[in-house]
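Pasting target_30.cif here (mmCIF, C-alpha atoms and all ligand atoms):
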data_my_file
loop_
_atom_site.label_atom_id
_atom_site.label_comp_id
_atom_site.auth_asym_id
_atom_site.auth_seq_id
_atom_site.Cartn_x
_atom_site.Cartn_y
_atom_site.Cartn_z
CA MET A 1 -8.61 23.44 4.47
CA LYS A 2 -5.91 21.83 6.48
CA ASP A 3 -2.85 23.86 7.21
CA GLU A 4 -0.18 22.80 4.74
CA ASN A 5 2.46 22.88 7.42
CA ALA A 6 0.42 20.52 9.53
CA ILE A 7 0.25 18.11 6.59
CA ALA A 8 4.01 18.40 6.17
CA PHE A 9 4.54 17.57 9.85
CA LEU A 10 2.24 14.57 9.61
CA ASN A 11 4.14 13.28 6.60
CA ARG A 12 7.44 13.79 8.32
CA GLY A 13 6.11 11.85 11.28
CA ARG A 14 5.03 9.02 8.99
CA PHE A 15 8.47 9.01 7.42
CA LYS A 16 10.12 8.81 10.85
CA ALA A 17 7.80 6.02 11.90
CA ALA A 18 8.59 4.13 8.69
CA SER A 19 12.26 4.39 9.59
CA LYS A 20 11.43 3.06 13.05
CA LYS A 21 12.20 6.40 14.75
CA TYR A 22 9.02 6.32 16.76
CA GLU A 23 9.78 8.92 19.43
CA GLU A 24 10.70 11.45 16.75
CA ALA A 25 7.59 10.51 14.78
CA ILE A 26 5.42 11.35 17.79
CA LYS A 27 7.07 14.75 18.10
CA TYR A 28 6.09 15.52 14.51
CA TYR A 29 2.54 14.32 15.02
CA ASP A 30 2.32 16.60 18.05
CA LYS A 31 3.56 19.50 15.98
CA ALA A 32 0.90 18.75 13.36
CA ILE A 33 -1.75 18.63 16.07
CA LYS A 34 -0.54 21.88 17.59
CA LEU A 35 -0.99 23.63 14.23
CA ASN A 36 -4.32 21.95 13.60
CA PRO A 37 -6.00 20.70 16.78
CA GLU A 38 -8.76 19.07 14.72
CA TYR A 39 -6.36 16.91 12.71
CA ALA A 40 -7.93 13.46 13.05
CA GLU A 41 -5.33 11.71 10.85
CA ALA A 42 -2.50 12.99 13.03
CA TYR A 43 -4.20 11.62 16.15
CA ASN A 44 -4.72 8.31 14.39
CA GLU A 45 -1.07 8.02 13.31
CA LYS A 46 0.04 9.02 16.77
CA GLY A 47 -2.15 6.26 18.16
CA ASN A 48 -0.54 3.70 15.84
CA THR A 49 2.95 4.75 16.83
CA LEU A 50 2.11 4.78 20.55
CA LEU A 51 0.82 1.23 20.15
CA ILE A 52 4.14 0.14 18.67
CA LEU A 53 5.86 1.70 21.67
CA GLY A 54 3.57 -0.23 23.99
CA LYS A 55 1.97 2.96 25.36
CA VAL A 56 -1.49 1.53 25.14
CA ASP A 57 -3.33 4.01 27.39
CA GLU A 58 -2.02 6.98 25.50
CA ALA A 59 -2.79 5.24 22.21
CA ILE A 60 -6.40 4.79 23.24
CA THR A 61 -6.64 8.49 24.14
CA SER A 62 -5.24 9.42 20.76
CA PHE A 63 -7.54 7.13 18.76
CA THR A 64 -10.49 8.33 20.82
CA LYS A 65 -9.67 11.91 19.97
CA ALA A 66 -9.50 10.99 16.27
CA THR A 67 -12.94 9.39 16.45
CA GLU A 68 -14.36 12.37 18.32
CA ILE A 69 -13.19 14.69 15.56
CA ASN A 70 -14.44 12.36 12.85
CA GLU A 71 -17.10 9.95 14.09
CA LYS A 72 -16.97 7.96 10.84
CA TYR A 73 -13.24 7.37 10.91
CA ILE A 74 -13.23 3.57 10.60
CA THR A 75 -9.44 3.24 10.63
CA ALA A 76 -9.25 5.03 13.97
CA TRP A 77 -12.05 2.87 15.40
CA LYS A 78 -10.07 -0.19 14.30
CA GLY A 79 -6.95 1.20 15.98
CA LYS A 80 -8.88 1.78 19.18
CA GLU A 81 -10.29 -1.73 19.02
CA ALA A 82 -6.78 -3.21 18.66
CA ALA A 83 -5.54 -1.14 21.60
CA LEU A 84 -8.46 -2.15 23.82
CA LEU A 85 -7.78 -5.79 23.01
CA MET A 86 -4.21 -5.36 24.17
CA GLN A 87 -5.70 -4.52 27.54
CA ASN A 88 -8.10 -7.44 27.40
CA LYS A 89 -11.06 -5.10 27.23
CA GLN A 90 -13.16 -7.33 24.98
CA GLU A 91 -16.48 -5.68 25.73
CA GLU A 92 -15.23 -2.25 24.80
CA ALA A 93 -13.54 -3.63 21.69
CA ILE A 94 -16.88 -5.14 20.69
CA GLY A 95 -18.32 -1.65 21.10
CA CYS A 96 -15.83 -0.42 18.49
CA CYS A 97 -16.93 -3.17 16.10
CA ASP A 98 -20.54 -2.11 16.65
CA THR A 99 -19.66 1.44 15.72
CA ILE A 100 -17.86 0.32 12.57
CA ILE A 101 -20.88 -1.79 11.65
CA ARG A 102 -23.16 1.19 12.23
CA ILE A 103 -21.02 3.28 9.90
CA ASP A 104 -20.68 0.51 7.32
CA PRO A 105 -23.19 -2.32 7.80
CA ARG A 106 -21.59 -4.38 5.04
CA ASN A 107 -18.17 -4.40 6.66
CA GLU A 108 -17.46 -8.11 6.53
CA GLU A 109 -14.29 -7.81 8.57
CA ALA A 110 -16.05 -6.01 11.43
CA TRP A 111 -18.75 -8.69 11.63
CA ILE A 112 -16.11 -11.43 11.73
CA THR A 113 -14.07 -9.61 14.37
CA LYS A 114 -17.14 -9.02 16.49
CA GLY A 115 -18.08 -12.69 16.23
CA PHE A 116 -14.58 -13.69 17.13
CA LEU A 117 -14.52 -11.44 20.20
CA LEU A 118 -17.90 -12.71 21.33
CA SER A 119 -16.66 -16.30 20.98
CA ASP A 120 -13.71 -15.32 23.09
CA ILE A 121 -16.00 -14.45 25.98
CA HIS A 122 -18.12 -17.54 25.33
CA ARG A 123 -21.14 -15.71 23.90
CA PHE A 124 -21.33 -18.24 21.10
CA ASP A 125 -24.97 -17.73 20.11
CA GLU A 126 -24.43 -14.05 19.46
CA ALA A 127 -21.14 -14.87 17.72
CA LEU A 128 -22.93 -17.20 15.30
CA LYS A 129 -25.26 -14.39 14.28
CA CYS A 130 -22.28 -12.22 13.43
CA PHE A 131 -20.60 -14.92 11.34
CA ASP A 132 -23.88 -15.47 9.50
CA ARG A 133 -24.05 -11.78 8.69
CA ALA A 134 -20.49 -11.92 7.33
CA ILE A 135 -21.36 -14.98 5.24
CA LYS A 136 -24.45 -13.23 3.92
CA ILE A 137 -22.25 -10.35 2.78
CA ASN A 138 -19.67 -12.69 1.29
CA PRO A 139 -20.83 -16.29 0.85
CA ASN A 140 -17.28 -17.34 0.00
CA SER A 141 -15.79 -16.04 3.22
CA ILE A 142 -13.74 -19.01 4.37
CA ASP A 143 -12.69 -17.01 7.42
CA ALA A 144 -16.26 -16.54 8.60
CA LEU A 145 -17.18 -20.16 7.86
CA ARG A 146 -14.17 -21.43 9.75
CA LYS A 147 -14.92 -19.35 12.81
CA LYS A 148 -18.58 -20.25 12.63
CA GLY A 149 -17.50 -23.88 12.66
CA ASP A 150 -15.44 -23.29 15.80
CA ALA A 151 -18.38 -21.66 17.57
CA LEU A 152 -20.71 -24.53 16.56
CA LEU A 153 -18.18 -27.00 17.86
CA ALA A 154 -18.07 -25.18 21.20
CA LEU A 155 -21.87 -25.40 21.36
CA GLY A 156 -21.77 -29.11 20.56
CA ARG A 157 -23.72 -28.62 17.32
CA PHE A 158 -21.60 -31.13 15.44
CA ASP A 159 -23.86 -31.71 12.43
CA GLU A 160 -23.95 -28.05 11.58
CA GLU A 161 -20.22 -27.81 12.09
CA LYS A 162 -19.79 -30.59 9.56
CA LYS A 163 -21.87 -28.63 7.06
CA CYS A 164 -19.64 -25.63 7.59
CA ASN A 165 -16.57 -27.66 6.80
CA GLN A 166 -18.23 -29.06 3.70
CA SER A 167 -18.94 -25.55 2.47
CA ILE A 168 -15.31 -24.61 3.03
CA GLU A 169 -14.15 -27.62 1.03
CA GLU A 170 -16.54 -26.78 -1.79
CA ILE A 171 -15.33 -23.20 -1.97
CA LYS A 172 -11.74 -24.38 -2.04
CA LYS A 173 -12.49 -26.88 -4.80
CA GLU A 174 -14.27 -24.24 -6.86
CA ASP A 175 -11.30 -21.92 -6.42
CA LYS A 176 -8.97 -24.55 -7.74
CA MET A 177 -11.11 -25.19 -10.77
CA LYS A 178 -11.19 -21.57 -11.74
CA LYS A 179 -8.30 -21.14 -14.08
CA THR A 180 -5.45 -18.92 -13.13
CA LYS A 181 -5.42 -15.92 -15.41
CA ARG A 182 -2.15 -15.33 -17.17
CA ILE A 183 -1.34 -11.81 -18.18
CA MET A 184 1.77 -10.27 -19.62
CA LYS A 185 2.46 -6.55 -19.42
CA LYS A 186 5.22 -4.22 -20.44
CA ILE A 187 6.38 -1.37 -18.23
CA CYS A 188 9.09 1.18 -18.93
CA LEU A 189 11.30 2.98 -16.46
CA VAL A 190 12.28 6.40 -17.73
CA GLY A 191 14.04 9.44 -16.31
CA ASP A 192 17.30 11.34 -16.39
CA PRO A 193 20.68 9.59 -16.26
CA ALA A 194 21.82 8.23 -12.89
CA VAL A 195 18.51 8.77 -11.08
CA GLY A 196 18.54 5.07 -10.18
CA LYS A 197 16.30 3.25 -12.68
CA THR A 198 18.61 0.26 -13.05
CA SER A 199 19.18 0.21 -9.30
CA LEU A 200 15.43 0.16 -8.57
CA ILE A 201 14.94 -2.81 -10.89
CA ARG A 202 17.95 -4.57 -9.41
CA ARG A 203 16.61 -4.02 -5.90
CA TYR A 204 13.16 -5.27 -6.82
CA VAL A 205 14.16 -8.31 -8.84
CA TYR A 206 17.39 -9.42 -7.14
CA ASP A 207 17.23 -7.53 -3.83
CA THR A 208 20.76 -6.15 -4.19
CA PHE A 209 22.37 -2.77 -4.58
CA GLU A 210 25.54 -1.50 -6.31
CA ASP A 211 27.26 1.74 -5.40
CA LYS A 212 29.06 1.85 -8.72
CA TYR A 213 27.36 3.71 -11.56
CA LEU A 214 27.30 1.79 -14.81
CA TYR A 215 25.06 3.69 -17.19
CA THR A 216 22.63 1.69 -19.23
CA ILE A 217 23.17 1.54 -22.97
CA GLY A 218 20.00 1.21 -25.02
CA ALA A 219 17.43 -0.81 -23.15
CA LYS A 220 17.57 -3.89 -20.97
CA ILE A 221 14.60 -6.11 -20.31
CA THR A 222 14.06 -7.96 -17.05
CA LYS A 223 11.25 -10.42 -16.55
CA LYS A 224 9.49 -10.73 -13.24
CA ILE A 225 6.60 -13.06 -12.54
CA MET A 226 4.11 -12.15 -9.85
CA ASN A 227 1.25 -14.17 -8.43
CA ILE A 228 -1.60 -12.05 -7.21
CA LYS A 229 -4.46 -13.56 -5.27
CA TYR A 230 -8.03 -12.34 -5.59
CA PRO A 231 -10.99 -13.77 -3.67
CA THR A 232 -12.38 -15.26 -6.88
CA HIS A 233 -9.27 -16.16 -8.88
CA ASP A 234 -5.51 -15.96 -9.11
CA VAL A 235 -3.59 -13.85 -11.54
CA ASN A 236 -0.21 -14.80 -12.85
CA LEU A 237 1.29 -11.54 -14.04
CA THR A 238 4.48 -11.48 -16.05
CA LEU A 239 6.05 -8.07 -15.97
CA MET A 240 8.43 -7.22 -18.77
CA ILE A 241 10.41 -4.43 -17.17
CA TRP A 242 12.19 -2.21 -19.66
CA ASP A 243 15.14 -0.34 -18.24
CA ILE A 244 15.78 2.52 -20.63
CA GLU A 245 18.98 4.55 -20.76
CA GLY A 246 18.82 8.10 -19.51
CA GLN A 247 21.99 9.23 -21.26
CA LYS A 248 20.63 10.11 -24.67
CA GLY A 249 17.86 12.20 -23.20
CA THR A 250 14.33 12.23 -24.52
CA GLY A 251 15.33 12.19 -28.20
CA LYS A 252 14.12 10.02 -31.02
CA VAL A 253 16.33 7.00 -30.29
CA HIS A 254 14.11 5.99 -27.46
CA SER A 255 10.78 5.97 -29.19
CA THR A 256 10.98 2.33 -30.26
CA TYR A 257 11.52 1.26 -26.67
CA TYR A 258 8.19 2.69 -25.54
CA LYS A 259 6.09 0.89 -28.12
CA GLY A 260 3.45 -1.32 -26.56
CA ALA A 261 4.16 -0.14 -23.00
CA ASP A 262 1.20 -0.63 -20.68
CA ALA A 263 2.49 1.67 -17.93
CA ALA A 264 5.51 3.80 -17.16
CA ILE A 265 7.49 4.46 -14.03
CA ILE A 266 8.92 7.97 -14.09
CA VAL A 267 11.96 8.29 -11.87
CA CYS A 268 13.73 11.38 -10.54
CA ASP A 269 16.47 11.94 -7.99
CA ILE A 270 15.45 13.83 -4.86
CA THR A 271 18.90 15.38 -4.58
CA MET A 272 18.79 16.88 -8.08
CA LYS A 273 16.06 19.35 -8.90
CA GLU A 274 16.63 19.25 -12.65
CA THR A 275 15.66 15.57 -12.76
CA LEU A 276 12.23 16.62 -11.50
CA GLU A 277 12.01 19.50 -13.96
CA ASN A 278 12.75 17.11 -16.81
CA ILE A 279 9.88 14.77 -15.99
CA GLN A 280 7.48 16.50 -18.38
CA ASN A 281 9.90 15.90 -21.28
CA TRP A 282 10.02 12.21 -20.49
CA ILE A 283 6.25 11.97 -20.34
CA ASN A 284 5.90 13.80 -23.65
CA ALA A 285 8.36 11.42 -25.25
CA VAL A 286 6.49 8.37 -23.95
CA PHE A 287 3.00 9.61 -24.76
CA LYS A 288 4.07 10.42 -28.31
CA VAL A 289 4.42 6.67 -28.87
CA THR A 290 1.89 5.13 -26.51
CA ALA A 291 -1.64 6.13 -25.70
CA GLU A 292 -2.14 7.79 -22.32
CA ILE A 293 -0.91 4.90 -20.22
CA PRO A 294 -0.94 4.90 -16.41
CA LEU A 295 2.06 6.50 -14.75
CA ILE A 296 3.63 6.37 -11.35
CA PHE A 297 6.24 8.84 -10.12
CA LEU A 298 9.20 7.88 -7.96
CA ALA A 299 11.47 10.30 -6.15
CA ASN A 300 14.49 8.08 -5.57
CA LYS A 301 17.53 8.24 -3.25
CA THR A 302 15.36 9.50 -0.41
CA GLU A 303 17.69 8.13 2.24
CA LEU A 304 20.16 10.91 1.32
CA PRO A 305 20.01 14.06 3.46
CA ASN A 306 20.45 16.77 0.83
CA LYS A 307 16.94 17.10 -0.58
CA ALA A 308 16.55 19.43 -3.57
CA PHE A 309 12.73 19.47 -3.68
CA ASP A 310 9.86 18.62 -1.41
CA GLU A 311 6.75 16.51 -1.56
CA LYS A 312 4.55 19.33 -2.80
CA GLU A 313 6.48 19.67 -6.02
CA ILE A 314 6.27 16.03 -7.05
CA LYS A 315 2.70 15.84 -5.82
CA ASN A 316 1.74 18.68 -8.16
CA ILE A 317 3.12 16.87 -11.18
CA ALA A 318 1.61 13.55 -10.15
CA SER A 319 -1.84 15.04 -9.62
CA GLU A 320 -1.73 16.52 -13.12
CA PHE A 321 -1.67 12.94 -14.39
CA ASN A 322 -3.97 11.62 -11.70
CA ALA A 323 -1.08 9.40 -10.65
CA ARG A 324 0.48 8.09 -7.48
CA TYR A 325 3.93 9.11 -6.34
CA LEU A 326 6.28 7.42 -3.91
CA PHE A 327 9.54 8.23 -2.17
CA THR A 328 11.91 5.37 -2.79
CA SER A 329 15.44 4.32 -2.06
CA ALA A 330 17.04 1.59 -4.13
CA LYS A 331 19.80 1.63 -1.55
CA THR A 332 17.69 0.81 1.50
CA GLY A 333 14.85 -0.80 -0.44
CA LYS A 334 12.28 1.64 0.89
CA ASN A 335 9.03 1.55 -1.10
CA VAL A 336 10.65 -0.28 -4.00
CA GLU A 337 8.43 -3.35 -3.83
CA ASN A 338 5.49 -1.11 -3.08
CA ALA A 339 6.16 0.82 -6.31
CA PHE A 340 6.10 -2.27 -8.51
CA ILE A 341 3.07 -3.68 -6.75
CA THR A 342 1.25 -0.38 -7.24
CA VAL A 343 2.03 -0.47 -10.94
CA SER A 344 0.89 -4.09 -11.18
CA LYS A 345 -2.42 -3.19 -9.60
CA LEU A 346 -2.88 -0.36 -12.09
CA LEU A 347 -2.19 -2.80 -14.90
CA LEU A 348 -4.67 -5.33 -13.61
CA GLU A 349 -7.36 -2.68 -13.20
CA GLN A 350 -6.76 -1.77 -16.81
CA THR A 351 -7.30 -5.39 -17.85
CA ARG A 352 -10.56 -5.65 -16.02
CA ASN A 353 -12.09 -2.61 -17.70
N1 LIG A 401 22.33 6.83 -2.31
C1 LIG A 401 21.63 6.25 -3.29
N2 LIG A 401 22.23 6.01 -4.47
C2 LIG A 401 21.50 5.42 -5.45
C3 LIG A 401 20.16 5.05 -5.26
N3 LIG A 401 19.70 4.50 -6.40
C4 LIG A 401 20.74 4.53 -7.26
N4 LIG A 401 21.83 5.08 -6.69
C5 LIG A 401 23.15 5.28 -7.29
O1 LIG A 401 23.01 6.19 -8.37
C6 LIG A 401 23.87 5.82 -9.43
C7 LIG A 401 23.07 5.64 -10.72
O2 LIG A 401 22.20 4.55 -10.57
P1 LIG A 401 21.60 3.75 -11.83
O3 LIG A 401 20.59 2.84 -11.29
O4 LIG A 401 22.65 3.21 -12.65
O5 LIG A 401 20.89 4.96 -12.61
P2 LIG A 401 20.07 4.90 -13.97
O6 LIG A 401 18.87 5.77 -13.80
O7 LIG A 401 19.84 3.51 -14.38
O8 LIG A 401 21.07 5.60 -14.97
P3 LIG A 401 21.09 5.44 -16.58
O9 LIG A 401 21.29 4.02 -16.91
O10 LIG A 401 22.22 6.29 -17.04
O11 LIG A 401 19.79 5.89 -17.05
C8 LIG A 401 24.61 4.57 -8.99
O12 LIG A 401 25.86 4.94 -8.47
C9 LIG A 401 23.73 4.02 -7.90
O13 LIG A 401 24.49 3.32 -6.93
C10 LIG A 401 19.54 5.32 -3.98
O14 LIG A 401 18.38 5.04 -3.71
N5 LIG A 401 20.35 5.91 -3.04
MG MG A 402 20.47 2.44 -15.96
#
Let me see whether you can do it: turn the structure in this file into structure tokens.
Ligand SMILES: Nc1nc2c(ncn2[C@@H]2O[C@H](COP(=O)(O)OP(=O)(O)OP(=O)(O)O)[C@@H](O)[C@H]2O)c(=O)[nH]1
Ligand SMILES: [Mg+2]
Amino acid sequence: MKDENAIAFLNRGRFKAASKKYEEAIKYYDKAIKLNPEYAEAYNEKGNTLLILGKVDEAITSFTKATEINEKYITAWKGKEAALLMQNKQEEAIGCCDTIIRIDPRNEEAWITKGFLLSDIHRFDEALKCFDRAIKINPNSIDALRKKGDALLALGRFDEEKKCNQSIEEIKKEDKMKKTKRIMKKICLVGDPAVGKTSLIRRYVYDTFEDKYLYTIGAKITKKIMNIKYPTHDVNLTLMIWDIEGQKGTGKVHSTYYKGADAAIIVCDITMKETLENIQNWINAVFKVTAEIPLIFLANKTELPNKAFDEKEIKNIASEFNARYLFTSAKTGKNVENAFITVSKLLLEQTRN
């Protein structure tokens, strides 16, 4: 069991890093590591932040430590590889790819990267083998085919290079022929008055923010169209976003608004504890009308300093519903797009099943 305080320090570090306060982030990672010297994730995050600061040597040390604690920590191996490349240490970076491949032999990305690095040091024959492995794992990998073509060109094997290009064209043509899937989904934003539901939608759809509070009356619907690319097809997702007033509470008036909702975003205000305590009432009200639809929890206004509850409390509620939670700010835009994208992915998963 990891020390809860260490987890809290790691999260605080991540938060600082997300707000570009890198030096402070590192201090928190160090605190996490001091509490739990075997905390691989903290070493990994520290490595990432050191890389941003251009402290490549220290970053490598940090990633290395993470991989020593957890030999199968692919993310840390990738971090180390990126850092080694910054120092032009191709051979060692290739070593990282080899390790990733040993851990996960079907890691298409690692095969492509290895091939790419080998090409870089003119070991084209070996590179070709790597690209072929990637293509075997994913025959539609345009990336691998393209890089294979480059390597063949360097070796003067023009006929084979031509074949590669033909395959790429065929894959592209096939992709075009596959129809774009069109899906429409309804999502509801619910939560106490003034927690920021309207503001979150406004930030996401129009990328603006209003300081003035104009409470919503009834429900307002905003349409947002998203195009999501999958390797095999495209999805055109129309989100019907229902902004539902918080003023009248969880009473009967609302029930018609929830009908047919495919997912709900439950919003609370991090500066007001009671908005968190009320979440259960909102969920009860929604679930009375809908089946058990996917939920996501947002603690909004996180850029404000006066926090009334901490991560643990919202995490507890979210885990009860097997749901994700995010700390957002409609004011700064933090995590707002992320929240809607997360919901969209949940909706698309639902469609596939
Ligand atoms: N500082 C800060 N203020 C916010 C944020 N989001 C919303 N607000 C403010 O909080 C107030 C209420 O925001 P709304 O978006 O209208 O809240 P609502 O949840 O739609 O309220 P109801 O319509 O009554 O349900 C407004 O004054 C917003 O400017 C945020 O992330 N940070
Ligand atoms: Mg509103």
What is the distance between CA of Phe209 (chain A) and CA of Ile314 (chain A), in Å to one decimal? 24.9 Å
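Remark: for Glu311 (chain A), the closest of the candidate residues A:Ala299, A:Ile168, A:Met226, A:Ile33 is A:Ala299 (distances computed over only C-alpha atoms).
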Gap from CA of Met272 (chain A) to CA of Asp192 (chain A) - Å, one decimal: 10.1 Å
Near-Thr222 (chain A) list (12 Å; only C-alpha atoms; drop same-chain fewer than 5 positions) as a list in words: Lys185, Lys186, Ile187, Cys188, Leu189, Thr198, Leu200, Ile201, Arg202, Tyr204, Val205, Tyr206, Thr238, Leu239, Met240, Ile241, Trp242, Asp243 and Ile244 of chain A
Report as a tab-separated table the residues of chain A within 10 Å of ligand MG 402 (chain A), each with its shortest atom pair and distance in Å (one decimal), using all atoms listed in the file, ordered by chain and increasing residue number.
residue	atom	partner	partner_atom	distance
A:Leu189	CA	A:MG402	MG	9.2
A:Val190	CA	A:MG402	MG	9.3
A:Gly191	CA	A:MG402	MG	9.5
A:Asp192	CA	A:MG402	MG	9.5
A:Pro193	CA	A:MG402	MG	7.2
A:Ala194	CA	A:MG402	MG	6.7
A:Val195	CA	A:MG402	MG	8.2
A:Gly196	CA	A:MG402	MG	6.6
A:Lys197	CA	A:MG402	MG	5.4
A:Thr198	CA	A:MG402	MG	4.1
A:Ser199	CA	A:MG402	MG	7.1
A:Leu200	CA	A:MG402	MG	9.2
A:Ile201	CA	A:MG402	MG	9.2
A:Arg202	CA	A:MG402	MG	9.9
A:Tyr213	CA	A:MG402	MG	8.3
A:Leu214	CA	A:MG402	MG	7.0
A:Tyr215	CA	A:MG402	MG	4.9
A:Thr216	CA	A:MG402	MG	4.0
A:Ile217	CA	A:MG402	MG	7.6
A:Gly218	CA	A:MG402	MG	9.2
A:Ala219	CA	A:MG402	MG	8.5
A:Lys220	CA	A:MG402	MG	8.6
A:Asp243	CA	A:MG402	MG	6.4
A:Ile244	CA	A:MG402	MG	6.6
A:Glu245	CA	A:MG402	MG	5.5
A:Gly246	CA	A:MG402	MG	6.9
A:Gln247	CA	A:MG402	MG	8.7
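Using all atoms listed in the file, the protein and nucleic acid residues lying no more than 12 Å from His122 (chain A), apart from those fewer than 2 places from it along its own chain, are Gln90, Glu91, Gly115, Phe116, Leu117, Leu118, Ser119, Asp120, Phe124, Asp125, Glu126, Ala127, Leu128, Asp150, Ala151, Leu152, Ala154 and Leu155 of chain A.
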Writer output for current selection, C-alpha atoms, as a short mmCIF file (atom, residue, chain, number, x, y, z; two decimals), in the frame of the given file:
data_model
loop_
_atom_site.label_atom_id
_atom_site.label_comp_id
_atom_site.auth_asym_id
_atom_site.auth_seq_id
_atom_site.Cartn_x
_atom_site.Cartn_y
_atom_site.Cartn_z
CA GLN A 90 -13.16 -7.33 24.98
CA GLU A 91 -16.48 -5.68 25.73
CA GLY A 115 -18.08 -12.69 16.23
CA PHE A 116 -14.58 -13.69 17.13
CA LEU A 117 -14.52 -11.44 20.20
CA LEU A 118 -17.90 -12.71 21.33
CA SER A 119 -16.66 -16.30 20.98
CA ASP A 120 -13.71 -15.32 23.09
CA PHE A 124 -21.33 -18.24 21.10
CA ASP A 125 -24.97 -17.73 20.11
CA GLU A 126 -24.43 -14.05 19.46
CA ALA A 127 -21.14 -14.87 17.72
CA LEU A 128 -22.93 -17.20 15.30
CA ASP A 150 -15.44 -23.29 15.80
CA ALA A 151 -18.38 -21.66 17.57
CA LEU A 152 -20.71 -24.53 16.56
CA ALA A 154 -18.07 -25.18 21.20
CA LEU A 155 -21.87 -25.40 21.36
#
Which is closer to Trp77 (chain A) than all the others in A:Ile103, A:Val343, A:Ile52, A:Ile7, using all atoms listed in the file? A:Ile103
Emit as lines of an AutoDock Vina configuration file the padded axis-aligned box for all listed atoms of ligand LIG 401 (chain A), 6 Å per side, with centre and edge lengths in Å to one decimal.
center_x = 22.1
center_y = 4.8
center_z = -9.7
size_x = 19.5
size_y = 16.0
size_z = 26.7
Selecting N, CA and C atoms, how would region 238-251 of chain A from this structure be written as a short mmCIF file (atom, residue, chain, number, x, y, z; two decimals), in the first residue's frame?
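Written file, out_18.cif:
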data_model
loop_
_atom_site.label_atom_id
_atom_site.label_comp_id
_atom_site.auth_asym_id
_atom_site.auth_seq_id
_atom_site.Cartn_x
_atom_site.Cartn_y
_atom_site.Cartn_z
N THR A 238 -22.50 13.74 -32.75
CA THR A 238 -23.21 14.96 -32.39
C THR A 238 -23.63 14.87 -30.94
N LEU A 239 -23.09 15.77 -30.15
CA LEU A 239 -23.45 15.80 -28.73
C LEU A 239 -24.57 16.80 -28.53
N MET A 240 -25.66 16.35 -27.95
CA MET A 240 -26.71 17.28 -27.54
C MET A 240 -26.47 17.51 -26.05
N ILE A 241 -25.96 18.68 -25.74
CA ILE A 241 -25.57 18.96 -24.35
C ILE A 241 -26.70 19.70 -23.65
N TRP A 242 -27.27 19.07 -22.66
CA TRP A 242 -28.38 19.66 -21.92
C TRP A 242 -27.86 20.33 -20.66
N ASP A 243 -28.04 21.64 -20.62
CA ASP A 243 -27.64 22.42 -19.45
C ASP A 243 -28.88 22.58 -18.58
N ILE A 244 -28.86 21.98 -17.42
CA ILE A 244 -30.09 21.93 -16.61
C ILE A 244 -29.95 22.82 -15.38
N GLU A 245 -30.99 23.57 -15.11
CA GLU A 245 -30.92 24.54 -14.00
C GLU A 245 -30.66 23.84 -12.67
N GLY A 246 -29.89 24.51 -11.83
CA GLY A 246 -29.64 23.96 -10.51
C GLY A 246 -30.60 24.51 -9.48
N GLN A 247 -31.25 25.61 -9.83
CA GLN A 247 -32.04 26.37 -8.84
C GLN A 247 -33.15 25.57 -8.18
N LYS A 248 -33.89 24.80 -8.97
CA LYS A 248 -35.05 24.14 -8.38
C LYS A 248 -34.68 22.83 -7.69
N GLY A 249 -33.41 22.60 -7.54
CA GLY A 249 -32.98 21.40 -6.82
C GLY A 249 -33.28 20.14 -7.59
N THR A 250 -33.36 19.04 -6.87
CA THR A 250 -33.48 17.74 -7.53
C THR A 250 -34.93 17.28 -7.66
N GLY A 251 -35.84 18.23 -7.53
CA GLY A 251 -37.28 17.88 -7.52
C GLY A 251 -37.81 17.34 -8.82
#
